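A.B. asks: This is run.txt, which holds compact mmCIF, C-alpha atoms and all ligand atoms:
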# COMPACT_ATOMS: atom_id res chain seq x y z
CA MET A 199 100.85 92.35 99.23
CA LYS A 200 98.84 94.60 96.91
CA ARG A 201 97.31 93.57 93.63
CA VAL A 202 95.56 95.48 90.84
CA ASP A 203 92.14 94.80 92.36
CA ASP A 204 93.07 96.89 95.40
CA PHE A 205 92.94 100.00 93.20
CA ARG A 206 90.16 101.73 91.28
CA LEU A 207 90.19 104.17 88.38
CA ARG A 208 87.74 107.05 88.65
CA LEU A 209 86.56 108.60 85.39
CA GLY A 210 83.61 110.95 85.75
CA LYS A 211 80.93 109.08 87.68
CA HIS A 212 82.51 105.71 86.93
CA GLU A 213 84.57 103.58 89.26
CA LEU A 214 86.49 101.02 87.25
CA VAL A 215 88.92 98.16 87.56
CA PRO A 216 92.10 100.04 86.58
CA ILE A 217 92.75 97.99 83.46
CA MET A 218 92.32 99.58 80.04
CA VAL A 219 92.74 97.40 76.99
CA GLY A 220 94.27 99.64 74.34
CA GLY A 221 92.98 100.24 70.84
CA MET A 222 94.38 97.90 68.20
CA GLY A 223 93.57 98.63 64.58
CA VAL A 224 92.35 97.24 62.23
CA ASP A 225 89.64 95.56 64.28
CA ILE A 226 92.20 93.62 66.35
CA SER A 227 90.66 95.21 69.44
CA SER A 228 87.26 94.07 68.24
CA ALA A 229 83.84 94.93 69.61
CA ASP A 230 83.77 91.42 71.15
CA LEU A 231 86.91 92.22 73.12
CA ALA A 232 85.77 95.69 74.19
CA VAL A 233 82.34 94.41 75.28
CA GLU A 234 83.96 91.67 77.36
CA VAL A 235 86.40 94.06 79.05
CA ALA A 236 83.52 96.41 79.89
CA ARG A 237 81.56 93.49 81.34
CA LEU A 238 84.50 92.74 83.61
CA GLY A 239 84.57 96.33 84.86
CA GLY A 240 87.52 97.74 82.91
CA VAL A 241 87.80 100.00 79.87
CA GLY A 242 87.77 98.35 76.45
CA HIS A 243 88.61 100.05 73.17
CA ILE A 244 87.31 99.63 69.70
CA SER A 245 89.30 101.33 66.94
CA ASP A 246 88.10 103.42 64.03
CA ALA A 247 91.04 102.48 61.79
CA MET A 248 89.70 101.52 58.34
CA ILE A 249 86.20 101.86 59.70
CA LYS A 250 84.55 101.23 56.33
CA THR A 251 86.28 97.88 56.01
CA VAL A 252 85.27 97.00 59.56
CA SER A 253 81.68 98.01 58.86
CA ASP A 254 81.55 95.92 55.66
CA ARG A 255 82.82 92.88 57.54
CA ARG A 256 80.73 93.22 60.63
CA TYR A 257 77.57 94.96 59.47
CA LYS A 258 77.27 93.76 55.86
CA THR A 259 77.62 97.20 54.27
CA LYS A 260 79.36 97.79 50.91
CA PHE A 261 81.32 100.97 51.58
CA VAL A 262 84.63 99.73 50.16
CA LYS A 263 83.12 98.27 47.00
CA ASP A 264 81.20 101.50 46.38
CA LYS A 265 84.28 103.67 46.89
CA LEU A 266 86.33 101.50 44.57
CA ALA A 267 83.59 101.65 41.92
CA LEU A 268 83.57 105.45 42.15
CA TYR A 269 87.34 105.78 41.69
CA LYS A 270 88.02 102.75 39.51
CA TYR A 271 89.13 105.05 36.67
CA ASN A 272 92.10 106.12 38.82
CA VAL A 273 93.51 102.70 39.78
CA GLU A 274 96.37 102.82 37.24
CA ASN A 275 97.20 106.48 37.94
CA GLU A 276 100.21 107.49 40.00
CA ASP A 277 98.38 110.56 41.30
CA LYS A 278 96.00 109.57 44.09
CA SER A 279 94.92 113.07 45.07
CA PRO A 280 91.44 112.80 43.46
CA VAL A 281 90.55 109.93 45.84
CA LYS A 282 88.42 111.38 48.64
CA PHE A 283 86.35 110.02 51.47
CA ASP A 284 82.63 110.74 51.42
CA LEU A 285 82.15 112.29 54.85
CA GLY A 286 78.53 111.17 55.13
CA LYS A 287 79.48 107.55 54.51
CA LEU A 288 82.41 107.82 56.90
CA ALA A 289 80.02 109.02 59.60
CA GLU A 290 77.58 106.22 58.79
CA ALA A 291 80.28 103.54 59.08
CA THR A 292 81.49 105.00 62.39
CA ARG A 293 77.97 105.13 63.77
CA LEU A 294 77.29 101.54 62.80
CA HIS A 295 80.42 100.26 64.54
CA VAL A 296 79.94 102.35 67.68
CA GLU A 297 76.22 101.58 68.00
CA GLY A 298 76.90 97.92 67.28
CA SER A 299 79.41 97.83 70.13
CA MET A 300 77.54 99.99 72.64
CA SER A 301 74.25 98.13 72.19
CA ARG A 302 75.94 94.93 73.42
CA LYS A 303 77.53 96.49 76.46
CA THR A 304 76.80 95.09 79.93
CA GLY A 305 78.57 95.54 83.25
CA ASP A 306 80.11 98.54 84.97
CA GLY A 307 83.02 99.11 82.61
CA MET A 308 83.27 101.49 79.66
CA ILE A 309 83.85 101.34 75.92
CA PHE A 310 86.10 103.92 74.24
CA ILE A 311 87.24 104.39 70.66
CA ASN A 312 90.84 104.84 69.53
CA CYS A 313 91.24 107.60 66.90
CA MET A 314 94.59 107.95 65.15
CA GLU A 315 95.53 111.38 63.83
CA LYS A 316 97.88 109.77 61.31
CA LEU A 317 94.93 108.34 59.41
CA THR A 318 95.01 111.51 57.36
CA MET A 319 92.62 110.27 54.65
CA ASN A 320 93.40 113.03 52.11
CA ALA A 321 91.57 115.55 54.37
CA PRO A 322 93.02 115.23 57.88
CA LYS A 323 90.89 117.71 59.80
CA GLU A 324 87.59 117.06 58.10
CA THR A 325 87.78 113.28 58.40
CA LEU A 326 88.99 113.30 62.02
CA LYS A 327 86.18 115.67 63.00
CA VAL A 328 83.58 113.44 61.34
CA ARG A 329 85.00 110.30 62.95
CA MET A 330 84.97 111.80 66.45
CA GLU A 331 81.56 113.46 66.11
CA ALA A 332 79.90 110.37 64.67
CA ALA A 333 81.34 108.27 67.51
CA MET A 334 79.87 110.70 70.06
CA ASP A 335 76.52 110.77 68.25
CA ALA A 336 76.43 106.97 68.45
CA GLY A 337 77.01 106.96 72.20
CA ILE A 338 80.71 106.19 72.64
CA GLU A 339 81.78 106.79 76.25
CA GLY A 340 85.30 107.97 75.53
CA ILE A 341 87.73 108.87 72.74
CA THR A 342 91.45 108.14 73.00
CA LEU A 343 93.44 110.34 70.64
CA ALA A 344 96.39 108.37 69.31
CA ALA A 345 99.21 108.44 66.74
CA GLY A 346 99.88 112.15 66.53
CA LEU A 347 100.24 115.24 68.71
CA HIS A 348 96.55 116.17 68.33
CA LEU A 349 97.27 119.85 68.87
CA GLY A 350 93.97 120.87 67.27
CA SER A 351 91.80 117.79 67.82
CA PHE A 352 89.77 118.97 70.83
CA ALA A 353 89.00 122.23 69.03
CA LEU A 354 87.55 120.28 66.10
CA ILE A 355 84.72 118.96 68.28
CA GLU A 356 84.20 121.78 70.79
CA ALA A 357 80.81 122.67 69.31
CA HIS A 358 79.50 119.13 69.77
CA PRO A 359 76.86 118.81 72.54
CA ARG A 360 78.79 115.92 74.13
CA PHE A 361 82.17 117.74 74.13
CA ARG A 362 82.17 118.14 77.90
CA ASP A 363 80.45 114.89 78.78
CA VAL A 364 82.43 112.32 76.77
CA GLN A 365 85.73 111.13 78.28
CA LEU A 366 88.59 112.52 76.19
CA GLY A 367 92.08 111.11 76.53
CA ILE A 368 95.40 111.60 74.78
CA ILE A 369 98.37 109.32 74.27
CA VAL A 370 101.79 110.89 74.79
CA SER A 371 105.29 109.46 74.96
CA SER A 372 107.03 112.40 76.67
CA VAL A 373 106.41 115.30 79.04
CA ARG A 374 107.24 117.62 76.16
CA ALA A 375 104.42 116.26 74.01
CA LEU A 376 102.03 116.70 76.95
CA GLN A 377 103.17 120.28 77.57
CA LEU A 378 102.71 121.11 73.91
CA PHE A 379 99.24 119.60 73.89
CA LEU A 380 98.14 121.48 77.01
CA LYS A 381 99.50 124.76 75.68
CA LYS A 382 97.84 124.47 72.28
CA ASN A 383 94.61 123.15 73.75
CA PHE A 384 94.30 125.83 76.47
CA ARG A 385 91.84 127.91 74.43
CA THR A 386 89.16 125.18 74.51
CA GLY A 387 89.03 125.31 78.33
CA ARG A 388 88.86 121.53 78.30
CA LEU A 389 91.53 119.36 79.89
CA PRO A 390 91.97 115.71 78.95
CA ASP A 391 90.15 113.35 81.31
CA TYR A 392 93.06 110.92 81.24
CA ILE A 393 96.57 110.73 79.83
CA VAL A 394 97.95 107.47 78.47
CA VAL A 395 101.74 107.52 78.67
CA GLU A 396 102.96 105.04 76.09
CA GLY A 397 106.53 103.80 76.42
CA PRO A 398 108.89 102.26 73.87
CA LEU A 399 107.81 98.62 74.31
CA ALA A 400 104.24 99.12 73.02
CA GLY A 401 102.71 97.58 69.92
CA GLY A 402 101.65 99.44 66.80
CA HIS A 403 103.26 102.79 65.96
CA LEU A 404 105.73 104.25 68.43
CA GLY A 405 105.97 107.83 69.64
CA PHE A 406 109.77 107.51 69.58
CA GLY A 407 112.46 107.50 66.90
CA MET A 408 114.64 104.52 66.05
CA ASP A 409 116.48 105.24 69.32
CA TRP A 410 113.38 103.93 71.18
CA ALA A 411 115.47 101.46 73.21
CA GLN A 412 117.08 104.33 75.10
CA TYR A 413 113.80 105.28 76.73
CA ASP A 414 112.06 103.75 79.68
CA LEU A 415 108.35 103.87 80.54
CA ALA A 416 108.76 104.18 84.32
CA THR A 417 111.00 107.25 83.95
CA ILE A 418 108.59 109.00 81.58
CA VAL A 419 105.62 108.20 83.83
CA THR A 420 107.43 109.66 86.86
CA GLU A 421 108.21 112.82 84.88
CA VAL A 422 104.60 113.19 83.75
CA ILE A 423 103.20 112.67 87.26
CA GLN A 424 105.67 115.20 88.67
CA TYR A 425 104.86 117.73 85.96
CA LEU A 426 101.12 117.47 86.59
CA LYS A 427 101.73 117.87 90.32
CA ASN A 428 103.82 121.00 89.75
CA GLU A 429 101.05 122.44 87.59
CA ASN A 430 98.34 121.50 90.12
CA LEU A 431 96.60 119.38 87.52
CA ASP A 432 94.69 116.35 88.73
CA ILE A 433 94.48 114.12 85.65
CA PRO A 434 94.68 110.31 85.78
CA VAL A 435 97.92 109.00 84.27
CA ILE A 436 97.77 105.61 82.56
CA PRO A 437 101.09 103.95 81.61
CA ALA A 438 101.22 101.59 78.62
CA GLY A 439 103.82 99.41 76.94
CA GLY A 440 105.41 96.27 78.33
CA ILE A 441 103.14 95.86 81.38
CA PHE A 442 102.90 92.09 81.18
CA THR A 443 101.83 90.85 84.61
CA GLY A 444 99.54 91.92 87.43
CA SER A 445 102.66 92.72 89.45
CA ASP A 446 104.02 94.99 86.70
CA ALA A 447 100.69 96.81 86.76
CA THR A 448 100.56 97.01 90.56
CA ALA A 449 104.03 98.59 90.65
CA PHE A 450 102.79 101.44 88.44
CA LEU A 451 99.59 101.85 90.48
CA GLU A 452 101.62 102.05 93.70
CA ALA A 453 103.82 104.70 92.06
CA GLY A 454 100.82 106.95 91.42
CA ALA A 455 99.38 105.75 88.11
CA ALA A 456 95.57 105.71 87.97
CA ALA A 457 95.33 102.61 85.74
CA VAL A 458 97.39 100.74 83.15
CA GLN A 459 96.77 100.28 79.45
CA VAL A 460 97.65 96.84 78.10
CA ALA A 461 97.27 95.16 74.73
CA THR A 462 99.82 92.48 73.83
CA ARG A 463 98.46 89.83 76.18
CA PHE A 464 94.99 90.27 74.67
CA THR A 465 96.18 89.67 71.08
CA VAL A 466 95.86 85.94 71.78
CA ALA A 467 92.40 86.16 73.31
CA GLU A 468 89.53 84.37 71.61
CA GLU A 469 87.68 87.69 71.36
CA CYS A 470 90.59 89.46 69.65
CA GLY A 471 90.11 90.09 65.92
CA LEU A 472 93.32 88.48 64.65
CA PRO A 473 92.77 85.30 62.61
CA THR A 474 93.44 82.09 64.53
CA ALA A 475 96.56 81.25 62.48
CA VAL A 476 98.05 84.68 63.16
CA LYS A 477 97.47 84.27 66.90
CA GLN A 478 99.70 81.17 66.67
CA GLU A 479 102.43 83.30 65.01
CA TYR A 480 102.28 85.65 67.99
CA PHE A 481 102.61 82.72 70.41
CA LYS A 482 105.54 81.26 68.46
CA ALA A 483 107.55 84.49 68.12
CA SER A 484 110.91 84.67 69.85
CA GLU A 485 112.57 87.94 70.87
CA GLU A 486 114.74 87.86 67.72
CA ASP A 487 111.62 87.61 65.56
CA ILE A 488 110.39 91.05 66.62
CA GLU A 489 111.65 94.28 65.08
CA VAL A 490 110.97 97.98 64.99
CA ASN A 491 111.21 99.26 61.43
CA GLN A 492 110.30 102.26 59.34
CA ILE A 493 108.15 100.73 56.65
CA SER A 494 104.92 102.35 57.84
CA PRO A 495 103.97 105.23 55.52
CA THR A 496 102.88 107.22 58.59
CA GLY A 497 106.53 108.11 59.24
CA TYR A 498 106.40 106.62 62.74
CA PRO A 499 108.50 103.57 63.60
CA MET A 500 106.34 100.48 63.99
CA ARG A 501 106.92 97.21 65.82
CA MET A 502 106.08 93.95 64.08
CA ILE A 503 107.02 90.30 63.66
CA LYS A 504 109.79 90.01 61.03
CA GLY A 505 107.94 87.22 59.25
CA SER A 506 104.91 89.43 58.46
CA PRO A 507 103.90 88.62 54.86
CA GLY A 508 103.40 92.32 54.15
CA ILE A 509 107.10 93.17 54.60
CA GLY A 510 108.74 93.60 51.18
CA SER A 511 105.49 93.02 49.33
CA GLY A 512 105.23 95.18 46.21
CA ILE A 513 101.48 95.08 45.68
CA ARG A 514 99.76 97.79 43.70
CA PRO A 515 98.52 100.57 46.02
CA ASN A 516 94.82 100.28 46.67
CA CYS A 517 93.98 103.87 47.60
CA GLU A 518 90.83 103.83 45.50
CA ALA A 519 89.34 101.26 47.87
CA TYR A 520 91.13 102.36 51.08
CA GLY A 521 93.38 105.45 51.02
CA TYR A 522 93.52 105.99 54.78
CA LEU A 523 97.15 107.13 54.73
CA LEU A 524 96.91 109.69 51.93
CA ASP A 525 98.17 112.96 53.40
CA ALA A 526 96.57 116.39 52.97
CA ASN A 527 97.99 116.53 49.43
CA GLY A 528 96.83 113.07 48.43
CA LYS A 529 100.28 111.51 48.78
CA CYS A 530 101.43 108.34 50.54
CA SER A 531 105.09 107.32 50.81
CA TYR A 532 104.22 103.73 49.81
CA VAL A 533 102.72 105.00 46.54
CA THR A 534 105.93 106.96 45.89
CA ALA A 535 108.11 103.93 46.71
CA TYR A 536 105.98 101.63 44.56
CA ASN A 537 106.09 103.97 41.56
CA ARG A 538 109.86 104.26 41.94
CA GLU A 539 110.29 100.47 41.84
CA VAL A 540 107.92 100.08 38.89
CA ALA A 541 109.92 102.71 36.96
CA ALA A 542 113.20 100.96 37.87
CA HIS A 543 111.95 97.50 36.76
CA PRO A 544 109.65 98.12 33.81
CA GLU A 545 109.74 94.50 32.65
CA ALA A 546 109.11 92.88 36.03
CA ARG A 547 105.77 91.15 36.57
CA LYS A 548 106.19 91.27 40.33
CA ILE A 549 108.18 93.87 42.21
CA THR A 550 109.49 94.13 45.75
CA VAL A 551 109.28 97.28 47.85
CA MET A 552 111.45 97.07 50.95
CA ASP A 553 111.43 100.59 52.39
CA LYS A 554 107.66 101.08 52.74
CA THR A 555 104.56 98.94 52.91
CA CYS A 556 100.96 99.34 51.75
CA LEU A 557 99.73 99.47 55.33
CA CYS A 558 96.04 99.79 54.40
CA THR A 559 95.91 96.60 52.35
CA HIS A 560 98.18 94.60 54.64
CA MET A 561 96.50 95.61 57.89
CA ARG A 562 93.17 94.83 56.29
CA ASN A 563 94.40 91.36 55.41
CA PHE A 564 96.22 90.86 58.76
CA ASP A 565 99.53 90.58 56.85
CA ILE A 566 101.46 93.08 58.96
CA TRP A 567 101.74 91.44 62.35
CA THR A 568 102.24 94.45 64.54
CA CYS A 569 102.90 93.52 68.15
CA GLY A 570 104.32 94.64 71.47
CA HIS A 571 107.94 93.96 72.40
CA LEU A 572 106.97 91.31 74.97
CA THR A 573 105.03 89.22 72.46
CA TYR A 574 107.81 86.65 72.80
CA ARG A 575 106.56 85.95 76.32
CA LEU A 576 103.02 85.03 75.23
CA LYS A 577 103.95 81.35 74.99
CA ASP A 578 104.52 81.42 78.76
CA THR A 579 100.94 82.52 79.38
CA THR A 580 99.26 79.37 78.03
CA ARG A 581 99.55 75.64 77.43
CA ARG A 582 101.00 73.82 74.46
CA LEU A 583 98.45 71.40 73.02
CA GLU A 584 99.13 67.90 71.72
CA ASP A 585 99.17 69.05 68.10
CA GLY A 586 101.94 71.54 68.95
CA SER A 587 99.69 74.61 68.81
CA TYR A 588 99.14 76.95 71.73
CA GLN A 589 95.85 77.20 73.56
CA VAL A 590 94.03 80.45 72.84
CA LEU A 591 92.86 82.20 76.02
CA SER A 592 89.63 83.91 76.97
CA ALA A 593 89.76 87.66 77.52
CA GLU A 594 88.23 87.02 80.94
CA HIS A 595 91.13 84.76 81.90
CA ILE A 596 93.73 87.36 80.88
CA PHE A 597 91.81 90.25 82.47
CA LYS A 598 91.43 88.42 85.78
CA ASP A 599 95.06 87.37 85.73
CA TYR A 600 96.04 91.06 85.56
CA GLN A 601 93.45 91.91 88.20
CA PHE A 602 94.32 89.34 90.85
CA SER A 603 97.80 87.94 90.31
CA VAL A 604 100.77 88.69 92.58
CA GLU A 605 104.50 87.92 92.68
CA GLN A 606 104.90 88.03 88.90
CA LYS A 607 102.79 84.91 88.57
CA ILE A 608 100.85 84.20 85.39
CA ALA A 609 97.91 81.81 85.72
CA LEU A 610 97.72 79.17 82.98
CA PRO A 611 94.28 78.48 81.51
CA GLU A 612 92.35 75.32 82.20
CA LEU A 613 92.80 72.76 79.44
C1 LIG A 701 98.56 94.39 67.77
C2 LIG A 701 98.59 95.79 68.31
C3 LIG A 701 98.00 96.80 67.58
C4 LIG A 701 97.99 98.11 68.09
N1 LIG A 701 97.35 99.11 67.39
C5 LIG A 701 97.22 100.33 67.94
C6 LIG A 701 96.41 101.32 67.30
O1 LIG A 701 95.80 101.07 66.25
N2 LIG A 701 96.33 102.54 67.88
C7 LIG A 701 96.97 102.82 69.06
O2 LIG A 701 96.85 103.94 69.57
N3 LIG A 701 97.72 101.89 69.69
C8 LIG A 701 97.83 100.68 69.17
N4 LIG A 701 98.54 99.70 69.85
C9 LIG A 701 99.11 100.05 71.17
C10 LIG A 701 98.22 99.58 72.32
O3 LIG A 701 96.97 100.22 72.30
C11 LIG A 701 98.85 99.74 73.72
O4 LIG A 701 98.97 101.09 74.10
C12 LIG A 701 100.21 99.11 73.92
O5 LIG A 701 100.48 98.08 73.01
C13 LIG A 701 100.30 98.57 75.33
O6 LIG A 701 101.47 97.84 75.54
P1 LIG A 701 101.51 96.24 75.58
O7 LIG A 701 101.08 95.80 74.24
O8 LIG A 701 102.94 95.92 75.87
O9 LIG A 701 100.57 95.77 76.65
C14 LIG A 701 98.59 98.40 69.34
C15 LIG A 701 99.18 97.34 70.06
C16 LIG A 701 99.18 96.06 69.57
C17 LIG A 701 99.81 94.97 70.38
Could I get this structure in the form of structure tokens?

C.D. replies:
Amino acid sequence: MKRVDDFRLRLGKHELVPIMVGGMGVDISSADLAVEVARLGGVGHISDAMIKTVSDRRYKTKFVKDKLALYKYNVENEDKSPVKFDLGKLAEATRLHVEGSMSRKTGDGMIFINCMEKLTMNAPKETLKVRMEAAMDAGIEGITLAAGLHLGSFALIEAHPRFRDVQLGIIVSSVRALQLFLKKNFRTGRLPDYIVVEGPLAGGHLGFGMDWAQYDLATIVTEVIQYLKNENLDIPVIPAGGIFTGSDATAFLEAGAAAVQVATRFTVAEECGLPTAVKQEYFKASEEDIEVNQISPTGYPMRMIKGSPGIGSGIRPNCEAYGYLLDANGKCSYVTAYNREVAAHPEARKITVMDKTCLCTHMRNFDIWTCGHLTYRLKDTTRRLEDGSYQVLSAEHIFKDYQFSVEQKIALPEL
């Protein structure tokens, strides 16, 4: 009987355990987690979501405070379009995080960065280019382009000296999105080095509409593999979303996938960036506690635990400090929703906003508990302790369970 360890993922000169731990913003897929996954021979991701906040926390910089000081005059204004990112500081924050992660790397695995196109930052192209180029300057081994179609993203960095050496991957949720990407990207003469096919059970933002439940990862993966075969394209395909056991992963590898991308099981790893109390919320969640809703200002449906404190919260937008979701015109649908509620309840000291959330502030504070669909099975992957809490796992334990387990078994940790 085969197991994940019988397969290898080849990327450039590297031969890897075919387990990729997906990017999880904001700093949920921390440097600690990525470094550990690389040590074990797989691919770990850091994320560049809210990179200035991450840098301030991890590397003692003051990017957020400085930005807020610069734009303090605008805090009470409805119009957020004057709030811009300083591209030099954005590059500096990215470099710090990437260098900080890469300098700790050991083992035969790799460390990639997850870059979301939907972090439009009031200057989508300019900020994405700076984020990707600074990551390459700082020695990142791969960039996974997420949350968006990325039709022009490769072209943004084609003049960079590492354009052909860094591993570049895209995340798609349909053959159509892949076809579109390949067509638009043809001019750069650069194919993706890997394609993550993310299905409807994944965590974070989904590449589907609210009809996500009608789709199925295995079907989309089969279609993508067949399409690449028809086009004579030899690109590793990496399914993601709902791959919970080593056996689930092995089934995809036997069907022609080059690796799997997983995340949910690592949200309860010691090395994962979620606060300890939030990890317990993930363990406790039942299937009914998990929903896909439309409160993310990105416009993409997002999966989260219903009890997330950020749902319904009507806090004042904090674009002067953050502002990662301001579109090219300096607008964010949470700001619009917030202003609407303030106008409707002029006397209220505290308002509620149900249709959108201030994702920047709440992801920063770990108050939107985004998660994969199978989060409700996490309690079956560990032990319940005497005080009623669940035992947090090591990333090594989870990684090796994926790597070696068979027959849908999940190894419990030692007490
Ligand atoms: C807590 C959490 C946060 C996530 N954040 C991101 C993100 O910032 N960017 C992204 O591309 N994918 C994100 N994802 C998706 C994962 O990278 C991954 O593709 C997917 O969740 C794999 O499915 P699984 O969680 O069922 O294993 C997130 C997933 C989780 C669980």

A.B. asks: When you look at A:Ala321 with a cut-off of 9 Å (counting only C-alpha atoms), what residues show up, excluding the ones that are within fewer than 3 positions of it in the same chain? I need them as a PDB file with C-alpha atoms, keeping the file's coordinate frame.

C.D. replies:
ATOM      1  CA  LYS A 282      88.420 111.380  48.640  1.00  0.00           C
ATOM      2  CA  PHE A 283      86.350 110.020  51.470  1.00  0.00           C
ATOM      3  CA  THR A 318      95.010 111.510  57.360  1.00  0.00           C
ATOM      4  CA  GLU A 324      87.590 117.060  58.100  1.00  0.00           C
ATOM      5  CA  THR A 325      87.780 113.280  58.400  1.00  0.00           C
ATOM      6  CA  LEU A 326      88.990 113.300  62.020  1.00  0.00           C
ATOM      7  CA  LEU A 524      96.910 109.690  51.930  1.00  0.00           C
ATOM      8  CA  ASP A 525      98.170 112.960  53.400  1.00  0.00           C
ATOM      9  CA  ALA A 526      96.570 116.390  52.970  1.00  0.00           C
ATOM     10  CA  ASN A 527      97.990 116.530  49.430  1.00  0.00           C
ATOM     11  CA  GLY A 528      96.830 113.070  48.430  1.00  0.00           C
TER      12      GLY A 528
END

A.B. asks: Report, in Å to a single decimal, how far apart atom CA of A:Ala353 and atom CA of A:Ala461 are.

C.D. replies: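 About the pair atom CA of A:Ala461 and atom CA of A:Ala353: they are 28.9 Å apart.
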
A.B. asks: Within 9 Å of ligand LIG 701 (chain A), which residues show up when you count only C-alpha atoms and all ligand atoms? List them as a ChimeraX atom specification, please.

C.D. replies: /A:219-227,243,245-247,312-314,342-345,369,394-404,437-442,458-465,472,501-502,567-573

A.B. asks: Got a sec: who's within 9 Å of stretch 533-545 of chain A, counting only C-alpha atoms, leaving out chain neighbours fewer than 4 positions off, as number ranges by chain?

C.D. replies: A: 276-278, 512-515, 517, 529, 549-556

A.B. asks: Mind dumping the selected residues with C-alpha atoms as a short mmCIF file (atom, residue, chain, number, x, y, z; two decimals), in the frame of the given file?

C.D. replies:
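Output file result10.cif is given in full below:
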data_model
loop_
_atom_site.label_atom_id
_atom_site.label_comp_id
_atom_site.auth_asym_id
_atom_site.auth_seq_id
_atom_site.Cartn_x
_atom_site.Cartn_y
_atom_site.Cartn_z
CA GLU A 276 100.21 107.49 40.00
CA ASP A 277 98.38 110.56 41.30
CA LYS A 278 96.00 109.57 44.09
CA GLY A 512 105.23 95.18 46.21
CA ILE A 513 101.48 95.08 45.68
CA ARG A 514 99.76 97.79 43.70
CA PRO A 515 98.52 100.57 46.02
CA CYS A 517 93.98 103.87 47.60
CA LYS A 529 100.28 111.51 48.78
CA ILE A 549 108.18 93.87 42.21
CA THR A 550 109.49 94.13 45.75
CA VAL A 551 109.28 97.28 47.85
CA MET A 552 111.45 97.07 50.95
CA ASP A 553 111.43 100.59 52.39
CA LYS A 554 107.66 101.08 52.74
CA THR A 555 104.56 98.94 52.91
CA CYS A 556 100.96 99.34 51.75
#

A.B. asks: Compare A:Arg581, A:Lys303, A:His348, A:His295 by their minimum atom-to-atom distance to A:Arg255, counting only C-alpha atoms, and give me the closest one.

C.D. replies: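 Nearest to A:Arg255: A:His295.
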
A.B. asks: Using only C-alpha atoms, which of the listed residues (A:Asn430, A:Ala357, A:Gly497, A:Gly444) sits closest to A:Ala609?

C.D. replies: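 Ranking A:Asn430, A:Ala357, A:Gly497, A:Gly444 by distance to A:Ala609, first place goes to A:Gly444.
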
A.B. asks: From the set A:Ile596, A:Leu380, A:Met334, A:Leu238, which residue has the shortest atom-to-atom contact distance to A:His358, counting all atoms listed in the file?

C.D. replies: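 Using all atoms listed in the file, A:His358 sits closest to A:Met334.
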
A.B. asks: What would the list of residues within 10 Å of (101.8, 85.1, 84.3) (file frame) look like as a list in words, if only C-alpha atoms are what count?

C.D. replies: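 Neighbouring residues, ordered by chain and number, come to Phe442, Thr443, Gly444, Ser445, Arg463, Arg575, Leu576, Asp578, Thr579, Thr580, Ile596, Asp599, Tyr600, Ser603, Val604, Glu605, Gln606, Lys607, Ile608, Ala609 and Leu610 of chain A.
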
A.B. asks: So which residues touch A:Asp363 within 9 Å, counting only C-alpha atoms, skipping near sequence neighbours fewer than 3 positions away, as a ChimeraX atom specification?

C.D. replies: /A:210,339,359-360,366

A.B. asks: Could you write out the selected residues, including C-alpha atoms, as a short mmCIF file (atom, residue, chain, number, x, y, z; two decimals), in the frame of the given file?

C.D. replies:
data_model
loop_
_atom_site.label_atom_id
_atom_site.label_comp_id
_atom_site.auth_asym_id
_atom_site.auth_seq_id
_atom_site.Cartn_x
_atom_site.Cartn_y
_atom_site.Cartn_z
CA GLY A 210 83.61 110.95 85.75
CA GLU A 339 81.78 106.79 76.25
CA PRO A 359 76.86 118.81 72.54
CA ARG A 360 78.79 115.92 74.13
CA LEU A 366 88.59 112.52 76.19
#

A.B. asks: Atom CA of A:Ala229 and atom CA of A:Asp335, how far apart in Å?

C.D. replies: 17.5 Å

A.B. asks: For A:Leu294, which residue among A:Lys258, A:Leu317, A:Ser279, A:Ala267 is the nearest when counting only C-alpha atoms?

C.D. replies: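 So, comparing all the options, the nearest one is A:Lys258.
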
A.B. asks: Between atom CA of A:Arg388 and atom CA of A:Lys211, what is the distance, to one decimal in Å?

C.D. replies: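 For atom CA of A:Arg388 relative to atom CA of A:Lys211, the distance reads 17.5 Å.
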
A.B. asks: Using all atoms listed in the file, which protein or nucleic acid residues come within 8 Å of A:Leu349? Drop anything in the same chain fewer than 6 positions from it, and give the result as a compact mmCIF listing (two decimals) with C-alpha atoms, keeping the file's coordinate frame.

C.D. replies:
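What ended up in part-v7.txt:
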# COMPACT_ATOMS: atom_id res chain seq x y z
CA LEU A 378 102.71 121.11 73.91
CA PHE A 379 99.24 119.60 73.89
CA LYS A 382 97.84 124.47 72.28
CA ASN A 383 94.61 123.15 73.75

A.B. asks: Using all atoms listed in the file, which residue out of A:Asp409, A:Glu356, A:Glu290, A:Glu594 lies closest to A:Arg385?

C.D. replies: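 Closest to A:Arg385, using all atoms listed in the file: A:Glu356.
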
A.B. asks: Which residue is closest to A:Leu231? Choose from A:Ala483, A:Ala289, A:Cys470, A:Met561 and count only C-alpha atoms.

C.D. replies: A:Cys470

A.B. asks: Please provide the set of residues having any atom within 8 Å of A:Met248, restricted to all atoms listed in the file, with same-chain residues fewer than 2 positions apart removed, written as a list of chain:residue names.

C.D. replies: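 Result of the neighbour search: A:Gly223, A:Val224, A:Asp246, A:Lys250, A:Thr251, A:Val252, A:Tyr520, A:Tyr522, A:Cys558, A:Arg562.
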
A.B. asks: Where's the centre, and what are the edge lengths in Å to one decimal, of a box along x, y and z enclosing all listed atoms of stretch 523-526 of chain A padded 3 Å per side, as JSON?

C.D. replies:
{"center_x": 97.4, "center_y": 111.8, "center_z": 53.3, "size_x": 7.6, "size_y": 15.3, "size_z": 8.8}
